[in-house]
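Printed here is target30.txt (compact mmCIF, C-alpha atoms):
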```txt
# COMPACT_ATOMS: atom_id res chain seq x y z
CA MET A 1 15.80 78.66 209.15
CA GLN A 2 15.19 74.94 208.60
CA ILE A 3 12.81 73.59 205.98
CA GLU A 4 11.72 69.95 206.14
CA ILE A 5 10.23 68.58 202.92
CA LEU A 6 8.24 65.32 202.90
CA THR A 7 8.10 63.72 199.45
CA LEU A 8 7.82 60.47 197.53
CA PHE A 9 10.47 61.68 195.09
CA PRO A 10 13.55 62.97 196.96
CA GLU A 11 15.61 62.63 193.77
CA MET A 12 13.86 65.71 192.37
CA PHE A 13 15.49 68.11 194.86
CA PRO A 14 19.31 67.93 194.53
CA GLY A 15 19.34 70.26 191.50
CA LEU A 16 17.41 72.92 193.38
CA LEU A 17 19.57 72.70 196.50
CA SER A 18 22.92 72.64 194.72
CA SER A 19 22.46 75.74 192.57
CA SER A 20 22.41 79.51 192.79
CA ILE A 21 21.07 81.38 195.83
CA LEU A 22 19.84 78.29 197.67
CA LYS A 23 23.22 76.61 197.41
CA ARG A 24 25.00 79.67 198.81
CA ALA A 25 22.46 80.07 201.61
CA ILE A 26 22.99 76.45 202.66
CA GLU A 27 26.80 76.71 202.43
CA ARG A 28 26.72 79.83 204.62
CA GLU A 29 24.49 77.97 207.11
CA LEU A 30 21.75 80.57 206.86
CA VAL A 31 19.30 77.88 205.79
CA GLU A 32 19.05 74.12 206.18
CA VAL A 33 16.80 72.08 203.88
CA ASN A 34 16.17 68.44 204.75
CA ILE A 35 14.43 66.05 202.36
CA HIS A 36 12.46 63.17 203.92
CA ASN A 37 11.28 60.18 201.88
CA ILE A 38 7.75 59.36 203.00
CA ARG A 39 8.38 55.71 202.13
CA ASP A 40 10.94 55.53 204.95
CA TYR A 41 8.07 55.80 207.44
CA THR A 42 6.15 52.74 206.20
CA HIS A 43 6.19 49.35 207.95
CA ASN A 44 5.81 46.72 205.25
CA LYS A 45 8.27 45.24 202.80
CA HIS A 46 6.65 46.96 199.83
CA HIS A 47 6.83 50.44 201.48
CA THR A 48 3.19 51.04 200.60
CA VAL A 49 2.20 54.71 200.79
CA ASP A 50 -1.12 54.73 198.91
CA ASP A 51 -4.43 52.90 198.69
CA THR A 52 -7.79 53.09 196.93
CA PRO A 53 -10.35 55.61 198.22
CA TYR A 54 -13.32 54.45 200.28
CA GLY A 55 -16.53 54.89 198.33
CA GLY A 56 -14.79 54.27 195.03
CA GLY A 57 -13.39 56.70 192.52
CA ALA A 58 -10.41 57.10 190.23
CA GLY A 59 -6.82 57.18 191.41
CA MET A 60 -5.05 56.42 194.65
CA LEU A 61 -4.78 58.35 197.92
CA LEU A 62 -1.73 58.80 200.11
CA LYS A 63 -2.25 56.93 203.37
CA PRO A 64 -2.18 58.88 206.64
CA GLU A 65 0.16 56.66 208.69
CA PRO A 66 3.55 57.40 207.07
CA ILE A 67 2.83 61.14 206.87
CA PHE A 68 1.82 61.37 210.53
CA GLU A 69 4.88 59.37 211.57
CA ALA A 70 7.23 61.49 209.49
CA VAL A 71 5.93 64.74 210.96
CA GLU A 72 5.88 63.37 214.51
CA THR A 73 9.46 62.14 214.14
CA ILE A 74 10.63 65.59 213.03
CA LYS A 75 8.71 67.27 215.86
CA SER A 76 10.10 64.90 218.50
CA GLY A 77 13.53 66.51 218.29
CA LEU A 78 12.39 70.11 218.56
CA SER A 79 13.11 72.55 221.35
CA PRO A 80 10.32 74.78 222.74
CA GLU A 81 11.90 77.74 220.89
CA GLU A 82 11.24 76.02 217.55
CA CYS A 83 7.50 75.82 218.15
CA PRO A 84 4.89 76.52 216.87
CA LEU A 85 5.88 74.66 213.76
CA PRO A 86 3.84 75.21 210.57
CA VAL A 87 2.96 71.96 208.80
CA ILE A 88 2.06 72.98 205.26
CA LEU A 89 0.35 70.79 202.68
CA LEU A 90 0.98 71.76 199.05
CA THR A 91 -2.40 71.27 197.40
CA PRO A 92 -4.54 72.91 194.67
CA GLN A 93 -7.15 73.48 197.40
CA GLY A 94 -4.87 75.69 199.51
CA ARG A 95 -4.68 79.47 199.80
CA LEU A 96 -2.94 81.05 196.85
CA PHE A 97 0.77 81.58 197.50
CA SER A 98 2.04 85.14 197.36
CA GLN A 99 4.99 87.30 198.34
CA LYS A 100 3.08 88.26 201.48
CA ILE A 101 2.75 84.61 202.51
CA ALA A 102 6.44 84.00 201.74
CA LEU A 103 7.35 86.85 204.09
CA GLU A 104 4.93 85.50 206.70
CA LEU A 105 6.70 82.12 206.65
CA THR A 106 10.14 83.66 207.27
CA ARG A 107 8.99 84.47 210.80
CA TYR A 108 9.26 80.80 211.73
CA ARG A 109 12.50 79.06 212.58
CA ARG A 110 11.31 75.84 210.97
CA LEU A 111 8.76 74.74 208.38
CA ILE A 112 7.44 71.35 207.26
CA LEU A 113 6.23 71.07 203.66
CA ILE A 114 4.23 68.01 202.61
CA CYS A 115 4.19 67.20 198.90
CA GLY A 116 0.90 65.70 197.82
CA HIS A 117 0.71 63.13 195.06
CA TYR A 118 -1.61 60.74 193.24
CA GLU A 119 -5.30 61.66 193.57
CA GLY A 120 -4.75 63.34 196.92
CA ILE A 121 -4.15 62.67 200.60
CA ASP A 122 -6.34 61.05 203.24
CA GLU A 123 -8.45 63.91 204.66
CA ARG A 124 -7.37 63.09 208.22
CA VAL A 125 -3.95 64.51 207.41
CA ALA A 126 -5.51 67.88 206.55
CA GLU A 127 -7.91 67.76 209.51
CA HIS A 128 -5.58 66.67 212.30
CA LEU A 129 -1.97 67.27 211.25
CA VAL A 130 -1.68 70.10 208.74
CA THR A 131 -1.77 73.71 209.99
CA ASP A 132 -1.88 75.39 206.58
CA GLU A 133 -2.62 74.51 202.95
CA ILE A 134 -0.93 76.37 200.08
CA SER A 135 -1.45 76.35 196.32
CA ILE A 136 0.94 77.98 193.85
CA GLY A 137 -1.75 78.52 191.23
CA ASP A 138 -5.06 77.47 189.76
CA TYR A 139 -3.80 74.45 187.88
CA VAL A 140 -2.97 70.85 188.72
CA LEU A 141 0.55 69.38 188.91
CA SER A 142 1.51 65.72 189.06
CA GLY A 143 2.69 66.24 192.64
CA GLY A 144 3.56 68.81 195.25
CA GLU A 145 7.30 68.68 194.65
CA LEU A 146 7.43 71.59 192.21
CA ALA A 147 5.18 73.62 194.51
CA ALA A 148 7.49 72.87 197.45
CA MET A 149 10.45 74.08 195.39
CA VAL A 150 8.65 77.32 194.56
CA VAL A 151 7.75 77.97 198.20
CA THR A 152 11.25 77.08 199.39
CA ASP A 153 12.96 79.38 196.89
CA ALA A 154 10.59 82.30 197.56
CA VAL A 155 10.97 81.99 201.34
CA VAL A 156 14.73 81.43 201.45
CA ARG A 157 15.57 84.54 199.43
CA LEU A 158 13.75 86.61 202.08
CA VAL A 159 15.82 85.22 204.96
CA PRO A 160 18.12 88.01 206.22
CA GLY A 161 21.62 87.72 204.79
CA VAL A 162 20.74 85.37 201.93
CA LEU A 163 20.75 88.03 199.20
CA GLY A 164 23.79 90.23 198.66
CA SER A 165 21.69 93.34 199.28
CA GLU A 166 18.60 93.63 201.44
CA ALA A 167 17.32 96.15 198.90
CA SER A 168 17.18 93.38 196.28
CA ALA A 169 14.23 91.71 197.97
CA ALA A 170 12.62 95.03 198.85
CA ASP A 171 12.53 96.05 195.18
CA ASP A 172 11.18 92.75 193.85
CA SER A 173 7.86 92.57 192.07
CA HIS A 174 4.96 92.04 194.51
CA THR A 175 6.96 93.05 197.61
CA THR A 176 5.25 96.44 197.70
CA GLY A 177 2.15 95.17 195.95
CA LEU A 178 3.32 96.50 192.57
CA LEU A 179 5.18 94.90 189.69
CA GLU A 180 8.82 95.94 189.47
CA TYR A 181 9.84 98.87 187.28
CA PRO A 182 11.86 98.26 184.03
CA GLN A 183 15.61 97.90 184.49
CA TYR A 184 18.56 98.38 182.12
CA THR A 185 22.31 97.80 182.10
CA ARG A 186 25.20 98.50 179.70
CA PRO A 187 25.48 99.27 176.82
CA PRO A 188 23.49 102.52 176.89
CA VAL A 189 22.41 101.92 173.29
CA TYR A 190 21.86 98.49 171.76
CA ARG A 191 20.54 98.06 168.19
CA ASP A 192 19.31 101.65 168.30
CA TRP A 193 17.37 100.98 171.52
CA ALA A 194 18.50 103.50 174.11
CA VAL A 195 18.30 103.38 177.86
CA PRO A 196 15.88 106.07 179.17
CA GLU A 197 17.78 109.32 179.66
CA VAL A 198 16.62 109.75 183.25
CA LEU A 199 18.55 106.64 184.29
CA LEU A 200 21.76 108.14 182.92
CA SER A 201 21.21 111.53 184.52
CA GLY A 202 22.66 110.84 187.96
CA ASN A 203 19.65 112.61 189.48
CA HIS A 204 18.58 110.13 192.15
CA ALA A 205 15.32 111.93 192.95
CA GLN A 206 14.27 111.89 189.30
CA VAL A 207 15.30 108.25 188.95
CA ALA A 208 13.21 107.32 192.00
CA LYS A 209 10.21 109.23 190.65
CA TRP A 210 10.55 107.58 187.21
CA ARG A 211 10.76 104.12 188.77
CA GLN A 212 7.70 104.79 190.89
CA GLN A 213 5.72 105.92 187.85
CA GLN A 214 6.89 102.96 185.78
CA ALA A 215 6.00 100.46 188.52
CA ILE A 216 2.48 101.85 188.78
CA THR A 217 2.07 102.03 184.99
CA ARG A 218 3.30 98.48 184.47
CA THR A 219 1.03 97.15 187.22
CA LEU A 220 -1.92 99.03 185.77
CA GLU A 221 -1.26 97.59 182.30
CA ARG A 222 -0.45 94.02 183.28
CA ARG A 223 -2.04 93.28 186.66
CA PRO A 224 -4.57 96.04 187.45
CA GLU A 225 -6.19 93.97 190.19
CA LEU A 226 -3.01 94.31 192.27
CA LEU A 227 -3.53 98.06 192.63
CA ILE A 228 -6.60 97.49 194.77
CA LYS A 229 -4.55 95.79 197.49
CA ALA A 230 -1.21 97.58 196.94
CA ASN A 231 0.27 99.51 199.86
CA LEU A 232 0.44 102.88 198.11
CA SER A 233 1.12 106.30 199.58
CA PRO A 234 -1.50 109.03 198.95
CA ALA A 235 0.74 110.48 196.22
CA GLU A 236 1.13 107.07 194.56
CA ARG A 237 -2.61 106.47 194.79
CA ARG A 238 -3.29 109.81 193.09
CA LEU A 239 -0.78 108.97 190.37
CA ALA A 240 -2.44 105.61 189.80
CA GLU A 241 -5.83 107.30 189.48
CA GLU A 242 -4.44 109.83 186.99
CA LEU A 243 -2.89 107.05 184.90
CA GLN A 244 -6.15 105.11 184.93
CA LYS A 245 -7.97 108.13 183.56
CA GLY A 246 -5.44 108.24 180.72
```
Could you write out this file's structure as structure tokens?
Amino acid sequence: MQIEILTLFPEMFPGLLSSSILKRAIERELVEVNIHNIRDYTHNKHHTVDDTPYGGGAGMLLKPEPIFEAVETIKSGLSPEECPLPVILLTPQGRLFSQKIALELTRYRRLILICGHYEGIDERVAEHLVTDEISIGDYVLSGGELAAMVVTDAVVRLVPGVLGSEASAADDSHTTGLLEYPQYTRPPVYRDWAVPEVLLSGNHAQVAKWRQQQAITRTLERRPELLIKANLSPAERRLAEELQKG
């Protein structure tokens, strides 16, 4: 998979790309992440990327020309197999990012992420260039760079081969629609706090049942709205209903 990120602040990304899972994925050539400076696609000596909004108002808007040219330059080198190519604008007005959307994006060989900034972006970018708009939450950031990092990290870890075990992603919170069950490691007792006996029993069926119950209980306590959309089996749904009744 290749991810192309358009930004005004390319210096924000080296830390992300040179650490942890992303670094290993890039070194193993499972993923390629390219950072494009939007200013490189301007045509004046000041590399102007913004201007005041028509009709007045506070702040500055990103101009359409350099963003269109950046995307068109990237697309010009693509093979038919790499299309269709999602062009995603990171914006507070987009659909709310989720594990489901992250998995959806792994189906593409290539993605373009556009980092918004200032007061916003000329609407013609959204109308005639962007194919999707994504928000990472109901709050406002100074720019789309942090949102692009979140999307990149969430998508890359789902690419086959990136994680050491495919089960790691399958067990993550939100993958099944539930929060993840509690987990423990050595020592078995720390400051008088003991690991639940069932996890030390070696009984895999009982461990699986305990984890299922704990995942449903934790979701019910912390994010009950997730249970409505969760992909639960009939037995899990009955358990959730019993737990709700107390």
Which residues of region 47-110 of chain A have any atom within 6 Å of an atom in region 121-128 of chain A when counting all atoms listed in the file, and what is the closest pair of atoms for each, with the distance in Å to one decimal? Order the rows by chain and rising number and write it as a Markdown table.
```
| residue | atom | partner | partner_atom | distance |
| --- | --- | --- | --- | --- |
| A:Leu61 | CA | A:Ile121 | CA | 5.1 |
| A:Leu62 | CA | A:Ile121 | CA | 4.6 |
| A:Lys63 | CA | A:Asp122 | CA | 5.8 |
| A:Pro64 | CA | A:Asp122 | CA | 5.8 |
```
Can I get the selection written as a tab-separated table (two decimals), in the coordinates of the input, with C-alpha atoms?
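What follows is the written file part.tsv:
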```tsv
chain	number	residue	atom	x	y	z
A	61	LEU	CA	-4.78	58.35	197.92
A	62	LEU	CA	-1.73	58.80	200.11
A	63	LYS	CA	-2.25	56.93	203.37
A	64	PRO	CA	-2.18	58.88	206.64
```
Using all atoms listed in the file, list the residues that have an atom at most 9 Å from (9.9, 57.2, 209.1), coordinates as in the file, as an mmCIF file with C-alpha atoms, in the coordinates of the input.
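The resulting file, part_5.cif, is reproduced below:
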```cif
data_model
loop_
_atom_site.group_PDB
_atom_site.id
_atom_site.type_symbol
_atom_site.label_atom_id
_atom_site.label_comp_id
_atom_site.auth_asym_id
_atom_site.auth_seq_id
_atom_site.Cartn_x
_atom_site.Cartn_y
_atom_site.Cartn_z
ATOM 1 C CA HIS A 36 12.460 63.170 203.920
ATOM 2 C CA ASN A 37 11.280 60.180 201.880
ATOM 3 C CA ILE A 38 7.750 59.360 203.000
ATOM 4 C CA ARG A 39 8.380 55.710 202.130
ATOM 5 C CA ASP A 40 10.940 55.530 204.950
ATOM 6 C CA TYR A 41 8.070 55.800 207.440
ATOM 7 C CA THR A 42 6.150 52.740 206.200
ATOM 8 C CA HIS A 43 6.190 49.350 207.950
ATOM 9 C CA PRO A 66 3.550 57.400 207.070
ATOM 10 C CA ILE A 67 2.830 61.140 206.870
ATOM 11 C CA GLU A 69 4.880 59.370 211.570
ATOM 12 C CA ALA A 70 7.230 61.490 209.490
ATOM 13 C CA VAL A 71 5.930 64.740 210.960
ATOM 14 C CA THR A 73 9.460 62.140 214.140
#
```
Just give me the gap between CA of Leu232 (chain A) and CA of Pro196 (chain A) in Å, one decimal is fine. 24.6 Å
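Taking CA of Glu236 (chain A) and CA of Ile216 (chain A) as the two end points, the separation is 7.9 Å.
In terms of minimum interatomic distance to Ile88 (chain A), A:Val151 ranks closest within A:Val151, A:Leu141, A:Val156, A:Leu220, counting all atoms listed in the file.
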So that I can check the surroundings of Ala147 (chain A), please list as a PyMOL selection string every protein, DNA and RNA residue that reaches within 9 Å of it, counting all atoms listed in the file and ignoring chain neighbours fewer than 5 positions away. chain A and resi 90-91+115+134-136+141+152
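CA of Ile3 (chain A) is found 29.4 Å from CA of Gly59 (chain A).
For Thr219 (chain A), the non-local neighbours within 12 Å, defined as residues at least 2 positions apart in the same chain or in other chains and counting all atoms listed in the file, are A:Ser173, A:His174, A:Thr176, A:Gly177, A:Leu178, A:Leu179, A:Glu180, A:Tyr181, A:Pro182, A:Gln212, A:Gln213, A:Gln214, A:Ala215, A:Ile216, A:Thr217, A:Glu221, A:Arg222, A:Arg223, A:Pro224, A:Glu225, A:Leu226, A:Leu227, A:Ile228, A:Lys229, A:Ala230, A:Ala240, A:Leu243, A:Gln244.
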Any chance you could export the current selection's C-alpha atoms as a PDB file, in the coordinates of the input?
```pdb
ATOM      1  CA  SER A 173       7.860  92.570 192.070  1.00  0.00           C
ATOM      2  CA  HIS A 174       4.960  92.040 194.510  1.00  0.00           C
ATOM      3  CA  THR A 176       5.250  96.440 197.700  1.00  0.00           C
ATOM      4  CA  GLY A 177       2.150  95.170 195.950  1.00  0.00           C
ATOM      5  CA  LEU A 178       3.320  96.500 192.570  1.00  0.00           C
ATOM      6  CA  LEU A 179       5.180  94.900 189.690  1.00  0.00           C
ATOM      7  CA  GLU A 180       8.820  95.940 189.470  1.00  0.00           C
ATOM      8  CA  TYR A 181       9.840  98.870 187.280  1.00  0.00           C
ATOM      9  CA  PRO A 182      11.860  98.260 184.030  1.00  0.00           C
ATOM     10  CA  GLN A 212       7.700 104.790 190.890  1.00  0.00           C
ATOM     11  CA  GLN A 213       5.720 105.920 187.850  1.00  0.00           C
ATOM     12  CA  GLN A 214       6.890 102.960 185.780  1.00  0.00           C
ATOM     13  CA  ALA A 215       6.000 100.460 188.520  1.00  0.00           C
ATOM     14  CA  ILE A 216       2.480 101.850 188.780  1.00  0.00           C
ATOM     15  CA  THR A 217       2.070 102.030 184.990  1.00  0.00           C
ATOM     16  CA  GLU A 221      -1.260  97.590 182.300  1.00  0.00           C
ATOM     17  CA  ARG A 222      -0.450  94.020 183.280  1.00  0.00           C
ATOM     18  CA  ARG A 223      -2.040  93.280 186.660  1.00  0.00           C
ATOM     19  CA  PRO A 224      -4.570  96.040 187.450  1.00  0.00           C
ATOM     20  CA  GLU A 225      -6.190  93.970 190.190  1.00  0.00           C
ATOM     21  CA  LEU A 226      -3.010  94.310 192.270  1.00  0.00           C
ATOM     22  CA  LEU A 227      -3.530  98.060 192.630  1.00  0.00           C
ATOM     23  CA  ILE A 228      -6.600  97.490 194.770  1.00  0.00           C
ATOM     24  CA  LYS A 229      -4.550  95.790 197.490  1.00  0.00           C
ATOM     25  CA  ALA A 230      -1.210  97.580 196.940  1.00  0.00           C
ATOM     26  CA  ALA A 240      -2.440 105.610 189.800  1.00  0.00           C
ATOM     27  CA  LEU A 243      -2.890 107.050 184.900  1.00  0.00           C
ATOM     28  CA  GLN A 244      -6.150 105.110 184.930  1.00  0.00           C
TER      29      GLN A 244
END
```
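With only C-alpha atoms as the atoms that count, the minimum distance from Arg24 (chain A) to the choices A:Gln99, A:Gly246, A:Asn231, A:Gly161 is reached by A:Gly161.
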I'd like the neighbourhood of Asn34 (chain A) as an NGL selection string, where a residue qualifies if any of its atoms comes within 9 Å (using only C-alpha atoms), though same-chain residues fewer than 2 positions away should be ignored. :A and (2-6 or 32 or 36)
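Proximity of A:Ala235, A:Leu129, A:Leu78, A:Leu111 to Ile35 (chain A), computed with only C-alpha atoms, is greatest for A:Leu111.
Nearest residue to Val49 (chain A), choosing from A:Glu29, A:Arg107, A:Gly120, A:Leu96 and counting only C-alpha atoms: A:Gly120.
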